[in-house]
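Colleague: For reference, the file my_file_2.json (JSON, C-alpha atoms) is included below:
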[["chain", "number", "residue", "atom", "x", "y", "z"],
["A", 1, "MET", "CA", -31.70, 48.30, 86.26],
["A", 2, "ALA", "CA", -33.53, 49.67, 83.19],
["A", 3, "ALA", "CA", -32.78, 53.25, 84.23],
["A", 4, "GLY", "CA", -29.11, 52.33, 84.65],
["A", 5, "VAL", "CA", -29.03, 50.78, 81.21],
["A", 6, "ALA", "CA", -30.64, 53.87, 79.68],
["A", 7, "ARG", "CA", -28.27, 56.24, 81.49],
["A", 8, "GLY", "CA", -25.26, 54.12, 80.51],
["A", 9, "ARG", "CA", -26.03, 54.16, 76.81],
["A", 10, "GLY", "CA", -22.99, 55.21, 74.86],
["A", 11, "ARG", "CA", -20.57, 55.29, 77.79],
["A", 12, "SER", "CA", -17.62, 53.01, 77.23],
["A", 13, "GLY", "CA", -17.56, 50.21, 79.80],
["A", 14, "SER", "CA", -21.17, 50.71, 80.90],
["A", 15, "LEU", "CA", -23.75, 47.94, 81.12],
["A", 16, "GLY", "CA", -25.75, 49.56, 78.33],
["A", 17, "ALA", "CA", -22.72, 49.77, 76.04],
["A", 18, "ALA", "CA", -21.86, 46.14, 76.78],
["A", 19, "GLN", "CA", -25.40, 45.00, 76.00],
["A", 20, "LEU", "CA", -25.51, 47.05, 72.82],
["A", 21, "GLU", "CA", -22.20, 45.55, 71.67],
["A", 22, "PHE", "CA", -23.42, 42.04, 72.55],
["A", 23, "TRP", "CA", -26.53, 42.37, 70.37],
["A", 24, "ARG", "CA", -24.64, 44.04, 67.52],
["A", 25, "SER", "CA", -22.27, 41.08, 67.52],
["A", 26, "GLU", "CA", -25.07, 38.49, 67.82],
["A", 27, "LEU", "CA", -27.12, 39.99, 64.99],
["A", 28, "ALA", "CA", -24.22, 40.86, 62.66],
["A", 29, "ALA", "CA", -24.53, 37.64, 60.68],
["A", 30, "ILE", "CA", -28.30, 37.55, 60.14],
["A", 31, "PRO", "CA", -29.33, 37.33, 56.50],
["A", 32, "ASP", "CA", -30.54, 40.49, 54.79],
["A", 33, "GLU", "CA", -33.57, 38.60, 53.55],
["A", 34, "LEU", "CA", -35.26, 35.31, 54.21],
["A", 35, "THR", "CA", -35.66, 33.18, 51.12],
["A", 36, "LEU", "CA", -39.29, 32.10, 50.91],
["A", 37, "PRO", "CA", -41.62, 31.29, 48.03],
["A", 38, "PHE", "CA", -43.47, 34.42, 46.91],
["A", 39, "ASP", "CA", -46.39, 35.01, 44.59],
["A", 40, "ARG", "CA", -44.49, 37.87, 42.92],
["A", 41, "SER", "CA", -40.91, 39.06, 42.56],
["A", 42, "ARG", "CA", -39.25, 41.36, 45.03],
["A", 43, "PRO", "CA", -38.82, 44.93, 43.79],
["A", 44, "VAL", "CA", -35.37, 45.87, 42.49],
["A", 45, "VAL", "CA", -35.18, 48.68, 45.06],
["A", 46, "ALA", "CA", -36.47, 47.89, 48.55],
["A", 47, "SER", "CA", -39.01, 50.40, 49.85],
["A", 48, "TYR", "CA", -38.85, 49.13, 53.47],
["A", 49, "ALA", "CA", -42.60, 49.79, 53.61],
["A", 50, "GLY", "CA", -44.40, 47.50, 56.00],
["A", 51, "ASP", "CA", -47.97, 46.41, 56.28],
["A", 52, "VAL", "CA", -50.39, 45.11, 58.87],
["A", 53, "VAL", "CA", -52.25, 41.83, 58.63],
["A", 54, "GLU", "CA", -55.00, 41.47, 61.18],
["A", 55, "LEU", "CA", -55.93, 38.00, 62.35],
["A", 56, "ALA", "CA", -58.86, 36.86, 64.42],
["A", 57, "PHE", "CA", -58.93, 33.52, 66.19],
["A", 58, "ASP", "CA", -62.07, 31.82, 67.37],
["A", 59, "GLU", "CA", -62.58, 31.03, 71.04],
["A", 60, "ARG", "CA", -61.45, 27.41, 70.67],
["A", 61, "VAL", "CA", -58.08, 28.39, 69.18],
["A", 62, "HIS", "CA", -57.65, 31.14, 71.78],
["A", 63, "ARG", "CA", -58.29, 28.70, 74.62],
["A", 64, "GLY", "CA", -55.81, 26.26, 73.09],
["A", 65, "VAL", "CA", -53.09, 28.91, 72.84],
["A", 66, "LEU", "CA", -53.72, 30.04, 76.43],
["A", 67, "GLY", "CA", -53.65, 26.44, 77.63],
["A", 68, "LEU", "CA", -50.40, 25.69, 75.81],
["A", 69, "ALA", "CA", -48.80, 28.85, 77.19],
["A", 70, "ARG", "CA", -49.82, 27.94, 80.76],
["A", 71, "GLU", "CA", -48.72, 24.31, 80.34],
["A", 72, "ARG", "CA", -45.28, 25.32, 79.08],
["A", 73, "GLY", "CA", -44.76, 28.33, 81.36],
["A", 74, "ALA", "CA", -44.67, 30.66, 78.38],
["A", 75, "SER", "CA", -46.48, 33.80, 77.34],
["A", 76, "VAL", "CA", -49.10, 33.90, 74.61],
["A", 77, "PHE", "CA", -46.63, 35.99, 72.58],
["A", 78, "MET", "CA", -44.01, 33.23, 72.88],
["A", 79, "VAL", "CA", -46.50, 30.59, 71.69],
["A", 80, "MET", "CA", -47.51, 32.74, 68.72],
["A", 81, "GLN", "CA", -43.84, 33.48, 67.91],
["A", 82, "ALA", "CA", -43.17, 29.73, 67.89],
["A", 83, "ALA", "CA", -46.14, 29.24, 65.55],
["A", 84, "VAL", "CA", -44.74, 31.85, 63.14],
["A", 85, "ALA", "CA", -41.31, 30.15, 63.29],
["A", 86, "ALA", "CA", -42.94, 26.79, 62.50],
["A", 87, "LEU", "CA", -44.84, 28.34, 59.59],
["A", 88, "LEU", "CA", -41.68, 29.94, 58.19],
["A", 89, "SER", "CA", -39.89, 26.61, 58.47],
["A", 90, "ARG", "CA", -42.70, 24.87, 56.63],
["A", 91, "LEU", "CA", -42.60, 27.52, 53.89],
["A", 92, "GLY", "CA", -38.95, 26.86, 53.21],
["A", 93, "ALA", "CA", -36.98, 28.80, 55.79],
["A", 94, "GLY", "CA", -36.06, 25.59, 57.62],
["A", 95, "GLY", "CA", -32.39, 25.86, 56.70],
["A", 96, "HIS", "CA", -31.87, 28.59, 59.26],
["A", 97, "SER", "CA", -31.22, 27.58, 62.84],
["A", 98, "ASP", "CA", -32.64, 30.89, 64.06],
["A", 99, "ARG", "CA", -35.47, 33.01, 62.76],
["A", 100, "PHE", "CA", -35.59, 36.72, 63.30],
["A", 101, "ALA", "CA", -38.74, 38.73, 63.85],
["A", 102, "GLY", "CA", -38.36, 42.15, 62.33],
["A", 103, "GLY", "CA", -35.32, 43.08, 60.39],
["A", 104, "ARG", "CA", -32.38, 45.33, 60.02],
["A", 105, "SER", "CA", -32.65, 49.03, 59.48],
["A", 106, "PRO", "CA", -31.64, 50.18, 56.01],
["A", 107, "ARG", "CA", -27.97, 51.19, 55.93]]
Do you think you could lay out the structure here as structure tokens?
Modeller:
Amino acid sequence: MAAGVARGRGRSGSLGAAQLEFWRSELAAIPDELTLPFDRSRPVVASYAGDVVELAFDERVHRGVLGLARERGASVFMVMQAAVAALLSRLGAGGHSDRFAGGRSPR
């Protein structure tokens, strides 16, 4: 199926085109930025520069995440994504029913 989706990209009426249109429609209304408390102001002009924050969890936390994932039939990624969503909610992004990992490309 993945090869069919890739081949169908851009063809009107194809599965790939339908999926692309679905996600464009679904993500059209996401906010340009998430309002959270910051320790400094946002720059006037966005640079779209990202950064990496490395985290290390001790063995006890790792076992807990693995256990929760197994118990709920989820992946470790899904458990960690839920933890990030809970953190964002606690930091003030709780007014949004959905949270988006990543963001839009600059237009």
Colleague: By how many Å are CA of Ala46 (chain A) and CA of Leu27 (chain A) apart?
Modeller: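 Separating CA of Ala46 (chain A) from CA of Leu27 (chain A) is a distance of 20.5 Å.
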Colleague: Measure the distance from CA of Gly92 (chain A) to CA of Leu36 (chain A) in Å and round it to one decimal.
Modeller: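 That distance, rounded to one decimal, is 5.7 Å.
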Colleague: From the set A:Ala74, A:Met80, A:Gly16, A:Ser41, which residue has the shortest atom-to-atom contact distance to His62 (chain A), counting all atoms listed in the file?
Modeller: A:Met80
Colleague: Hey, can you check how far CA of Arg24 (chain A) sits from CA of Arg90 (chain A)?
Modeller: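 CA of Arg90 (chain A) lies 28.5 Å from CA of Arg24 (chain A).
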Colleague: Please identify all polymer residues lying at most 12 Å from the point (-50.6, 27.8, 67.2) (file coordinates), using all atoms listed in the file, and present the result as a ChimeraX atom specification.
Modeller: /A:57,60-69,76-87
